[in-house]
Every structure is written in C-alpha cells, then in structure tokens.
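Participant: Sharing a structure with you now.
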There are 2 protein chains.
Amino acid sequence: MNSSEFLKLENQLCFSLYASSRAITRMYRPFLEELGITYPQYLVLLVLWEQKESTVKELSEKLDLDSGTLTPMLKRMEAQKLLVRNRSQEDERVVLIRITEAGLALHDQALCIPQTLFAASGLSAEEIANFNAQLKRIITSVNASM
Amino acid sequence: MNSSEFLKLENQLCFSLYASSRAITRMYRPFLEELGITYPQYLVLLVLWEQKESTVKELSEKLDLDSGTLTPMLKRMEAQKLLVRNRSQEDERVVLIRITEAGLALHDQALCIPQTLFAASGLSAEEIANFNAQLKRIITSVNASM
DNA sequence: AGCAAATCGATTGTTCACAATATGACGGAG
DNA sequence: CTCCGTCATATTGTGAACAATCGATTTGCT
C-alpha cells in the first residue's frame, strides 16, 4: 500500500465513521419520534434510567458533550417534563438533573427499539460484539495519544 | 449473553459510533482551522480535488447529505472563494459546483493532515485497513435492510 | 401538443455541536 | 478574613444536519 492509497483509506475510514453515525441517528429517528425525543436526548435518558439523578458535569463526561450542548437540550427536556433541573444545596455551582415519572415511563416504550433495529440490521450478535470491542480499542488508542 | 446485556451492548455500539465520529472532527479541527475550513467542507473538497466539477446532487449522493445541508455550506464556501456555483445551461435545475484555484491550492496544505493524524493515532496501517473493511460491511448490511 | 409526475435545488424551522466567553460559587494561601 | 485561582454552568455565535415544503424545470405519457 503506497502513501497515496493509504491517505485515501484513512479519509475513507473517517468518512465512514461520520456517515455511519448519522445513519444510526436516522435509523433511530422514526422510533424516537413516537416518544417525542431525539437521539442525543435518548442518550441522556439511558443514563438517567440507570441512576435517576445526575449532574450536568457527569452527563457531560459520560456523553462527551459540553455545557453549550447540554444546557439547552436539558432545558428542552425539562419543558417536556422528562426531567427536572435544580441547583444543588451543598454546592450552588452544581445543577442536579433528576428524571421524572414521565421520563421513567418512556423506558418501557423505548425497550423494544434496539431490538427492532437489531433485527432490521441483519447483523449477528457476535458481529456486533466483535465490532464494538474493536471500535473501543480504536477509540482508546486514539484518545490515549491526544 | 442475555437480552438485557445485549441491549446495552447495542446501545454502546451506537454511542461509540456517535462519539467517535465527533472525536474525529475534533482531531481534524485544529488542522483544518488553519485552512479556514470545517470537516464537512473538507469532505466536499476531497471530492472536488479529484474531479474539479460536480453538482449538488452528486455531492449529496457521495456525502449522504441533503440540499438543506449542502446549499448553505456551498454558499459559505463560495463566499470564501473556494468554489463557484452556477446553474447548468443544459438543465436549469442543476447547479454546477466547480473548484477554484484557491480551492485547489488548499490540497497541498491539506495533504499532511491525514498523515499527522495517523501518526498521532498510534494505530497501524493494518488496523486501519481491517477496521475500515469491517465498518463498510456493517454499513452495507444496515443500509441494505432499510 | 398538453398535462401529470418526477427531479433538482432552495428555504424554513428545529435541534445538535462546540469554541469562546461570562457569571457566580467554592476553596485555599497568606 | 481576603484575594485569587479553579470549578460548574450558562450564554453567544457559527456551522452543520435534516424534516418538510416550495418553486422551477424537465420528462414521460397519452
């Protein structure tokens, strides 16, 4: 593989990741739309379904999104009554995010979505597991070097 | 692997793709910033560096972006003198996109970017090639089913 | 020729994504 | 106790993404 071919390959890989990420949110969109949420909002809910309460900082770290993205998004979700935002009593810098009953109620409705998409994808569980492991290695390697 | 574990895995995989896509644009950003362009604009230039002239429709197909994304982006790039937009004479519905000298001039400056990022990534050429092949299989499989 | 359907791109409106900056709150050094 | 640096979040501004819709053109069918 010469240098020029390799550059093309790397560009292709980066493009593939970019394109596949958008393809996934497109796959989720019609299903999430029925719940009135978007894919990034679904990611927030995935966290809150597990631990019910979090902070902007914690969500920022887990989802790798900054406050400029999260603050307006969490406000929209609060307007939809999916969660509540409150300043912490102990440390007024911290904003606590707590899921509501309405937010919890979406969990049951959302459960079938990954199953449906998995079935539609035509991939095997093994392929997904292997690919996930490999992607994690790549991400770790890239992050470690920066 | 039980059902619940599997759902978590699929959610993880989708999130990993989403996060890695953003990580890549962040890696490119400081380098592309020196050229005054963004990652999606770089993708447009990758096409135009190869064929010099294209159309909105062709770019839309190659990059998997719709006119609502491309039209304003191409206008910004035209404002930067990187390309020109003109209605086709033969078919007035078609807008021809042609790269300018200034746009071509960025090619040389951009050449070193993938090399630099590759070196920084700590990955081997083989890992990248294998991963690229696997990602393409996944995308093909997912797209075929929709 | 004449009209319906398809094509191409632009527009509008909403939601991310993120850099840069601002604001207020905490916490430690002196 | 006070100043000062750090921390957590909010705000502003720019640039994607994309659904929905529109306007103009072309093509196909009768």
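If you're wondering about the labels, chains in the structure tokens are A, B, ... by order shown, residues count from 1 in each chain, ligands from 1 in order shown.
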Kindly assemble as a tab-separated table a list of the chain A residues that lie within 6 Å of chain B, each paired with its nearest atom pair and their distance in Å to one decimal, using only C-alpha atoms, sorted first by chain and then by ascending residue number.
Facilitator:
```
residue	atom	partner	partner_atom	distance
A:Leu13	CA	B:Asn132	CA	5.3
A:Leu17	CA	B:Ser21	CA	5.3
A:Tyr18	CA	B:Ser21	CA	4.9
A:Ser21	CA	B:Tyr18	CA	4.9
A:Ala120	CA	B:Ser145	CA	5.9
A:Ser121	CA	B:Val142	CA	4.6
A:Asn132	CA	B:Leu13	CA	5.3
A:Val142	CA	B:Ser121	CA	4.6
A:Ser145	CA	B:Ser121	CA	5.9
```
Participant: Any chance you could tabulate, as CSV, the residues of chain B at most 12 Å from chain C with each one's nearest atom pair and distance in Å to one decimal, using only C-alpha atoms (C1' of nucleotides), in chain and rising number order?
Facilitator:
```
residue,atom,partner,partner_atom,distance
B:Tyr18,CA,C:DA17,C1',11.9
B:Ala19,CA,C:DA17,C1',11.5
B:Ser21,CA,C:DA17,C1',11.7
B:Arg22,CA,C:DA17,C1',8.5
B:Ala23,CA,C:DA17,C1',11.3
B:Thr25,CA,C:DA17,C1',10.5
B:Arg26,CA,C:DC18,C1',9.3
B:Arg29,CA,C:DC18,C1',10.7
B:Pro30,CA,C:DA19,C1',11.3
B:Glu33,CA,C:DA19,C1',11.7
B:Thr55,CA,C:DC8,C1',10.1
B:Val56,CA,C:DG9,C1',7.8
B:Lys57,CA,C:DC8,C1',7.4
B:Glu58,CA,C:DC8,C1',11.0
B:Ser60,CA,C:DG9,C1',11.1
B:Asp66,CA,C:DG9,C1',10.0
B:Ser67,CA,C:DG9,C1',6.7
B:Gly68,CA,C:DA10,C1',7.8
B:Thr69,CA,C:DA10,C1',10.7
B:Leu70,CA,C:DG9,C1',9.9
B:Thr71,CA,C:DA10,C1',7.3
B:Pro72,CA,C:DA10,C1',9.2
B:Lys75,CA,C:DA10,C1',11.4
B:Arg85,CA,C:DG9,C1',11.8
B:Asn86,CA,C:DG9,C1',11.7
B:Arg87,CA,C:DG9,C1',10.0
B:Ser88,CA,C:DC8,C1',11.2
B:Asp91,CA,C:DC8,C1',9.5
B:Glu92,CA,C:DC8,C1',8.8
B:Arg93,CA,C:DC8,C1',5.0
B:Val94,CA,C:DC8,C1',5.9
B:Val95,CA,C:DG9,C1',7.5
B:Leu96,CA,C:DG9,C1',11.0
```
Participant: Put those residues in a file: N, CA and C atoms, as a tab-separated table (two decimals), in the first residue's frame.
Facilitator:
```tsv
chain	number	residue	atom	x	y	z
B	18	TYR	N	-21.29	7.24	17.43
B	18	TYR	CA	-21.64	8.66	17.57
B	18	TYR	C	-20.49	9.44	18.18
B	19	ALA	N	-19.90	8.90	19.23
B	19	ALA	CA	-18.83	9.61	19.93
B	19	ALA	C	-17.55	9.64	19.10
B	21	SER	N	-17.26	9.57	15.88
B	21	SER	CA	-17.41	10.50	14.76
B	21	SER	C	-17.09	11.92	15.22
B	22	ARG	N	-17.61	12.29	16.37
B	22	ARG	CA	-17.33	13.63	16.88
B	22	ARG	C	-15.87	13.76	17.27
B	23	ALA	N	-15.29	12.69	17.79
B	23	ALA	CA	-13.88	12.74	18.18
B	23	ALA	C	-13.00	13.01	16.96
B	25	THR	N	-13.86	14.62	14.14
B	25	THR	CA	-13.92	16.02	13.69
B	25	THR	C	-13.15	16.92	14.65
B	26	ARG	N	-13.12	16.55	15.92
B	26	ARG	CA	-12.32	17.34	16.87
B	26	ARG	C	-10.83	17.20	16.58
B	29	ARG	N	-10.16	19.34	13.56
B	29	ARG	CA	-10.50	20.76	13.66
B	29	ARG	C	-9.29	21.71	13.69
B	30	PRO	N	-8.33	21.51	14.62
B	30	PRO	CA	-7.24	22.50	14.67
B	30	PRO	C	-6.44	22.58	13.38
B	33	GLU	N	-8.69	24.26	10.74
B	33	GLU	CA	-8.91	25.66	11.08
B	33	GLU	C	-7.84	26.55	10.45
B	55	THR	N	-21.94	18.39	-9.04
B	55	THR	CA	-23.23	19.05	-8.89
B	55	THR	C	-23.68	18.87	-7.45
B	56	VAL	N	-24.68	19.63	-7.05
B	56	VAL	CA	-25.21	19.49	-5.70
B	56	VAL	C	-25.71	18.06	-5.50
B	57	LYS	N	-26.38	17.55	-6.53
B	57	LYS	CA	-26.93	16.21	-6.42
B	57	LYS	C	-25.84	15.15	-6.23
B	58	GLU	N	-24.76	15.29	-7.00
B	58	GLU	CA	-23.69	14.31	-6.90
B	58	GLU	C	-23.03	14.37	-5.52
B	60	SER	N	-24.41	15.40	-2.87
B	60	SER	CA	-25.41	14.88	-1.95
B	60	SER	C	-25.34	13.36	-1.86
B	66	ASP	N	-28.22	16.09	2.48
B	66	ASP	CA	-29.27	16.63	1.61
B	66	ASP	C	-29.04	18.10	1.29
B	67	SER	N	-29.91	18.63	0.42
B	67	SER	CA	-29.70	20.00	-0.06
B	67	SER	C	-29.82	21.01	1.08
B	68	GLY	N	-30.60	20.70	2.07
B	68	GLY	CA	-30.75	21.61	3.21
B	68	GLY	C	-29.45	21.79	3.97
B	69	THR	N	-28.57	20.81	3.89
B	69	THR	CA	-27.25	20.92	4.49
B	69	THR	C	-26.26	21.50	3.49
B	70	LEU	N	-26.30	21.00	2.26
B	70	LEU	CA	-25.29	21.38	1.29
B	70	LEU	C	-25.44	22.81	0.78
B	71	THR	N	-26.66	23.23	0.50
B	71	THR	CA	-26.84	24.56	-0.09
B	71	THR	C	-26.18	25.66	0.74
B	72	PRO	N	-26.50	25.78	2.02
B	72	PRO	CA	-25.83	26.85	2.78
B	72	PRO	C	-24.32	26.64	2.93
B	75	LYS	N	-22.66	27.69	-0.21
B	75	LYS	CA	-22.68	29.15	-0.29
B	75	LYS	C	-21.56	29.76	0.55
B	85	ARG	N	-20.56	28.43	-7.90
B	85	ARG	CA	-21.82	27.73	-8.15
B	85	ARG	C	-22.50	28.36	-9.35
B	86	ASN	N	-22.90	27.54	-10.30
B	86	ASN	CA	-23.58	28.05	-11.50
B	86	ASN	C	-24.64	27.08	-11.97
B	87	ARG	N	-25.77	27.65	-12.37
B	87	ARG	CA	-26.81	26.82	-12.96
B	87	ARG	C	-26.29	26.24	-14.28
B	88	SER	N	-26.62	25.00	-14.51
B	88	SER	CA	-26.24	24.36	-15.77
B	88	SER	C	-27.04	24.96	-16.92
B	91	ASP	N	-29.51	21.95	-18.25
B	91	ASP	CA	-30.64	21.66	-17.38
B	91	ASP	C	-30.63	22.66	-16.23
B	92	GLU	N	-31.57	23.58	-16.30
B	92	GLU	CA	-31.55	24.70	-15.35
B	92	GLU	C	-31.87	24.28	-13.92
B	93	ARG	N	-32.25	23.04	-13.73
B	93	ARG	CA	-32.48	22.59	-12.35
B	93	ARG	C	-31.16	22.30	-11.65
B	94	VAL	N	-30.15	22.00	-12.44
B	94	VAL	CA	-28.86	21.55	-11.90
B	94	VAL	C	-27.94	22.72	-11.57
B	95	VAL	N	-27.30	22.65	-10.39
B	95	VAL	CA	-26.30	23.65	-10.02
B	95	VAL	C	-24.92	22.99	-10.07
B	96	LEU	N	-24.08	23.53	-10.94
B	96	LEU	CA	-22.72	23.00	-11.09
B	96	LEU	C	-21.82	23.62	-10.04
```
Participant: What are the DSSP alpha helix (DSSP H) residues of stretch 37-119 of chain B, as a VMD selection string?
Facilitator: chain B and resid 39 to 51 56 to 63 67 to 79 101 to 110 112 to 119
Participant: Where in chain A does DSSP assign strand (DSSP E or B), given as a PyMOL selection string?
Facilitator: chain A and resi 53-55+83-87+95-99
Participant: Since we have the selection now, will you write its residues out, keeping N, CA, C and O atoms, as a tab-separated table (two decimals), in the first residue's frame?
Facilitator:
```tsv
chain	number	residue	atom	x	y	z
A	53	GLU	N	-30.64	10.17	39.09
A	53	GLU	CA	-30.15	11.53	39.31
A	53	GLU	C	-28.71	11.65	38.84
A	53	GLU	O	-27.93	10.71	38.98
A	54	SER	N	-28.40	12.80	38.29
A	54	SER	CA	-27.05	13.05	37.80
A	54	SER	C	-26.80	14.55	37.87
A	54	SER	O	-27.59	15.28	38.47
A	55	THR	N	-25.70	14.99	37.28
A	55	THR	CA	-25.42	16.42	37.20
A	55	THR	C	-25.04	16.74	35.76
A	55	THR	O	-24.75	15.83	34.97
A	83	LEU	N	-37.57	15.54	32.85
A	83	LEU	CA	-36.62	15.64	33.95
A	83	LEU	C	-36.79	17.00	34.62
A	83	LEU	O	-37.48	17.88	34.10
A	84	VAL	N	-36.16	17.15	35.79
A	84	VAL	CA	-36.15	18.45	36.47
A	84	VAL	C	-34.71	18.86	36.73
A	84	VAL	O	-33.84	18.00	36.92
A	85	ARG	N	-34.47	20.16	36.71
A	85	ARG	CA	-33.13	20.72	36.95
A	85	ARG	C	-33.18	21.57	38.21
A	85	ARG	O	-34.03	22.44	38.35
A	86	ASN	N	-32.25	21.32	39.12
A	86	ASN	CA	-32.20	22.09	40.35
A	86	ASN	C	-30.77	22.31	40.79
A	86	ASN	O	-29.96	21.39	40.73
A	87	ARG	N	-30.50	23.51	41.26
A	87	ARG	CA	-29.19	23.79	41.83
A	87	ARG	C	-29.01	22.97	43.10
A	87	ARG	O	-29.95	22.86	43.91
A	95	VAL	N	-25.68	21.74	39.03
A	95	VAL	CA	-27.10	21.59	38.69
A	95	VAL	C	-27.44	20.10	38.67
A	95	VAL	O	-26.87	19.33	37.90
A	96	LEU	N	-28.35	19.72	39.54
A	96	LEU	CA	-28.78	18.32	39.62
A	96	LEU	C	-29.86	18.06	38.59
A	96	LEU	O	-30.79	18.86	38.42
A	97	ILE	N	-29.73	16.95	37.90
A	97	ILE	CA	-30.71	16.53	36.90
A	97	ILE	C	-31.39	15.26	37.42
A	97	ILE	O	-30.72	14.25	37.66
A	98	ARG	N	-32.70	15.34	37.61
A	98	ARG	CA	-33.41	14.17	38.09
A	98	ARG	C	-34.51	13.79	37.11
A	98	ARG	O	-35.23	14.66	36.62
A	99	ILE	N	-34.64	12.51	36.84
A	99	ILE	CA	-35.67	12.06	35.92
A	99	ILE	C	-37.03	12.07	36.60
A	99	ILE	O	-37.12	11.86	37.81
```
Participant: All Cα atoms, paired in order, least squares: that's the fit I need for chain A onto chain B, output as a JSON list (two decimals) with C-alpha atoms, in the first residue's frame.
Facilitator:
```json
[["chain", "number", "residue", "atom", "x", "y", "z"],
["A", 1, "MET", "CA", -25.32, -13.06, 26.69],
["A", 2, "ASN", "CA", -28.83, -12.33, 27.91],
["A", 3, "SER", "CA", -31.26, -9.89, 26.38],
["A", 4, "SER", "CA", -30.59, -7.01, 28.75],
["A", 5, "GLU", "CA", -26.83, -7.27, 28.28],
["A", 6, "PHE", "CA", -27.30, -7.34, 24.57],
["A", 7, "LEU", "CA", -29.42, -4.20, 24.55],
["A", 8, "LYS", "CA", -26.73, -2.44, 26.50],
["A", 9, "LEU", "CA", -24.14, -3.59, 24.02],
["A", 10, "GLU", "CA", -26.10, -2.33, 21.08],
["A", 11, "ASN", "CA", -26.65, 1.00, 22.80],
["A", 12, "GLN", "CA", -22.94, 1.12, 23.49],
["A", 13, "LEU", "CA", -22.08, 0.40, 19.89],
["A", 14, "CYS", "CA", -24.35, 3.14, 18.58],
["A", 15, "PHE", "CA", -22.98, 5.53, 21.16],
["A", 16, "SER", "CA", -19.41, 4.59, 20.27],
["A", 17, "LEU", "CA", -20.03, 5.40, 16.64],
["A", 18, "TYR", "CA", -21.66, 8.68, 17.61],
["A", 19, "ALA", "CA", -18.82, 9.60, 19.96],
["A", 20, "SER", "CA", -16.03, 8.51, 17.64],
["A", 21, "SER", "CA", -17.44, 10.52, 14.78],
["A", 22, "ARG", "CA", -17.34, 13.64, 16.92],
["A", 23, "ALA", "CA", -13.88, 12.74, 18.20],
["A", 24, "ILE", "CA", -12.60, 12.64, 14.64],
["A", 25, "THR", "CA", -13.95, 16.03, 13.69],
["A", 26, "ARG", "CA", -12.34, 17.35, 16.89],
["A", 27, "MET", "CA", -9.02, 15.84, 15.83],
["A", 28, "TYR", "CA", -9.25, 17.43, 12.40],
["A", 29, "ARG", "CA", -10.52, 20.78, 13.65],
["A", 30, "PRO", "CA", -7.28, 22.52, 14.67],
["A", 31, "PHE", "CA", -5.57, 21.50, 11.44],
["A", 32, "LEU", "CA", -8.49, 22.43, 9.20],
["A", 33, "GLU", "CA", -8.92, 25.69, 11.07],
["A", 34, "GLU", "CA", -5.56, 26.80, 9.72],
["A", 35, "LEU", "CA", -7.02, 26.34, 6.25],
["A", 36, "GLY", "CA", -10.19, 28.16, 7.25],
["A", 37, "ILE", "CA", -12.46, 25.18, 6.66],
["A", 38, "THR", "CA", -14.51, 22.67, 8.67],
["A", 39, "TYR", "CA", -14.59, 18.88, 8.46],
["A", 40, "PRO", "CA", -17.77, 18.68, 6.31],
["A", 41, "GLN", "CA", -16.25, 21.30, 4.01],
["A", 42, "TYR", "CA", -13.07, 19.21, 3.82],
["A", 43, "LEU", "CA", -15.19, 16.28, 2.65],
["A", 44, "VAL", "CA", -16.62, 18.42, -0.14],
["A", 45, "LEU", "CA", -13.11, 19.41, -1.14],
["A", 46, "LEU", "CA", -11.97, 15.77, -1.16],
["A", 47, "VAL", "CA", -14.51, 15.20, -3.92],
["A", 48, "LEU", "CA", -13.64, 18.36, -5.83],
["A", 49, "TRP", "CA", -9.90, 17.76, -5.63],
["A", 50, "GLU", "CA", -10.53, 14.57, -7.59],
["A", 51, "GLN", "CA", -12.97, 15.72, -10.22],
["A", 52, "LYS", "CA", -12.91, 19.55, -10.16],
["A", 53, "GLU", "CA", -16.55, 19.82, -11.12],
["A", 54, "SER", "CA", -19.63, 18.27, -9.61],
["A", 55, "THR", "CA", -23.27, 19.06, -8.86],
["A", 56, "VAL", "CA", -25.22, 19.50, -5.66],
["A", 57, "LYS", "CA", -26.99, 16.23, -6.37],
["A", 58, "GLU", "CA", -23.76, 14.32, -6.85],
["A", 59, "LEU", "CA", -22.24, 15.75, -3.68],
["A", 60, "SER", "CA", -25.46, 14.93, -1.89],
["A", 61, "GLU", "CA", -25.18, 11.29, -2.94],
["A", 62, "LYS", "CA", -21.48, 10.94, -2.26],
["A", 63, "LEU", "CA", -21.56, 12.58, 1.15],
["A", 64, "ASP", "CA", -25.06, 11.45, 2.06],
["A", 65, "LEU", "CA", -26.12, 15.00, 2.91],
["A", 66, "ASP", "CA", -29.28, 16.73, 1.71],
["A", 67, "SER", "CA", -29.69, 20.09, 0.04],
["A", 68, "GLY", "CA", -30.70, 21.72, 3.31],
["A", 69, "THR", "CA", -27.20, 21.01, 4.56],
["A", 70, "LEU", "CA", -25.27, 21.46, 1.33],
["A", 71, "THR", "CA", -26.80, 24.64, -0.08],
["A", 72, "PRO", "CA", -25.78, 26.96, 2.78],
["A", 73, "MET", "CA", -22.45, 25.17, 3.19],
["A", 74, "LEU", "CA", -21.59, 25.56, -0.51],
["A", 75, "LYS", "CA", -22.62, 29.21, -0.32],
["A", 76, "ARG", "CA", -20.20, 29.77, 2.54],
["A", 77, "MET", "CA", -17.47, 28.04, 0.57],
["A", 78, "GLU", "CA", -18.29, 30.19, -2.45],
["A", 79, "ALA", "CA", -18.03, 33.29, -0.25],
["A", 80, "GLN", "CA", -14.55, 32.07, 0.69],
["A", 81, "LYS", "CA", -13.72, 31.75, -3.02],
["A", 82, "LEU", "CA", -13.04, 28.02, -2.68],
["A", 83, "LEU", "CA", -15.57, 27.13, -5.38],
["A", 84, "VAL", "CA", -18.12, 28.66, -7.74],
["A", 85, "ARG", "CA", -21.79, 27.74, -8.17],
["A", 86, "ASN", "CA", -23.54, 28.06, -11.51],
["A", 87, "ARG", "CA", -26.79, 26.85, -12.97],
["A", 88, "SER", "CA", -26.25, 24.39, -15.76],
["A", 89, "GLN", "CA", -27.07, 25.68, -19.25],
["A", 90, "GLU", "CA", -28.47, 22.35, -20.41],
["A", 91, "ASP", "CA", -30.68, 21.76, -17.39],
["A", 92, "GLU", "CA", -31.51, 24.79, -15.32],
["A", 93, "ARG", "CA", -32.47, 22.66, -12.36],
["A", 94, "VAL", "CA", -28.86, 21.60, -11.91],
["A", 95, "VAL", "CA", -26.29, 23.67, -10.02],
["A", 96, "LEU", "CA", -22.72, 23.01, -11.08],
["A", 97, "ILE", "CA", -20.04, 23.24, -8.42],
["A", 98, "ARG", "CA", -16.54, 23.94, -9.68],
["A", 99, "ILE", "CA", -13.42, 24.26, -7.56],
["A", 100, "THR", "CA", -11.33, 27.43, -7.90],
["A", 101, "GLU", "CA", -7.58, 27.91, -7.90],
["A", 102, "ALA", "CA", -7.82, 28.89, -4.24],
["A", 103, "GLY", "CA", -9.69, 25.66, -3.53],
["A", 104, "LEU", "CA", -7.13, 23.61, -5.41],
["A", 105, "ALA", "CA", -4.34, 25.38, -3.56],
["A", 106, "LEU", "CA", -5.62, 23.97, -0.27],
["A", 107, "HIS", "CA", -4.90, 20.45, -1.49],
["A", 108, "ASP", "CA", -1.17, 20.70, -0.90],
["A", 109, "GLN", "CA", -1.65, 22.19, 2.53],
["A", 110, "ALA", "CA", -4.19, 19.52, 3.44],
["A", 111, "LEU", "CA", -2.09, 16.58, 2.31],
["A", 112, "CYS", "CA", -0.12, 16.35, 5.53],
["A", 113, "ILE", "CA", -3.19, 16.33, 7.78],
["A", 114, "PRO", "CA", -4.19, 12.67, 7.49],
["A", 115, "GLN", "CA", -0.54, 11.69, 7.86],
["A", 116, "THR", "CA", -0.17, 13.76, 11.01],
["A", 117, "LEU", "CA", -3.37, 12.38, 12.49],
["A", 118, "PHE", "CA", -2.41, 8.85, 11.59],
["A", 119, "ALA", "CA", 0.92, 9.23, 13.32],
["A", 120, "ALA", "CA", -0.79, 10.73, 16.35],
["A", 121, "SER", "CA", -3.40, 7.97, 16.50],
["A", 122, "GLY", "CA", -0.92, 5.26, 17.37],
["A", 123, "LEU", "CA", -2.70, 2.82, 15.06],
["A", 124, "SER", "CA", -1.06, 0.63, 12.46],
["A", 125, "ALA", "CA", -1.94, 0.80, 8.79],
["A", 126, "GLU", "CA", -3.23, -2.74, 9.05],
["A", 127, "GLU", "CA", -5.56, -1.95, 11.92],
["A", 128, "ILE", "CA", -6.98, 0.93, 9.95],
["A", 129, "ALA", "CA", -7.44, -1.16, 6.82],
["A", 130, "ASN", "CA", -9.09, -3.99, 8.72],
["A", 131, "PHE", "CA", -11.32, -1.71, 10.67],
["A", 132, "ASN", "CA", -12.33, 0.16, 7.56],
["A", 133, "ALA", "CA", -13.28, -3.08, 5.84],
["A", 134, "GLN", "CA", -15.33, -4.19, 8.81],
["A", 135, "LEU", "CA", -17.10, -0.86, 9.12],
["A", 136, "LYS", "CA", -18.00, -0.99, 5.46],
["A", 137, "ARG", "CA", -19.49, -4.45, 5.89],
["A", 138, "ILE", "CA", -21.59, -3.20, 8.79],
["A", 139, "ILE", "CA", -22.80, -0.17, 6.85],
["A", 140, "THR", "CA", -23.63, -2.25, 3.79],
["A", 141, "SER", "CA", -25.51, -4.74, 5.88],
["A", 142, "VAL", "CA", -27.48, -2.06, 7.69],
["A", 143, "ASN", "CA", -28.26, -0.13, 4.52],
["A", 144, "ALA", "CA", -29.33, -3.26, 2.66],
["A", 145, "SER", "CA", -31.97, -3.95, 5.29],
["A", 146, "MET", "CA", -33.63, -0.56, 5.11]]
```
Participant: Show me, as a PyMOL selection string, every residue of chain D with an atom at most 10 Å from chain B, counting only C-alpha atoms (C1' of nucleotides).
Facilitator: chain D and resi 15-19+24-26
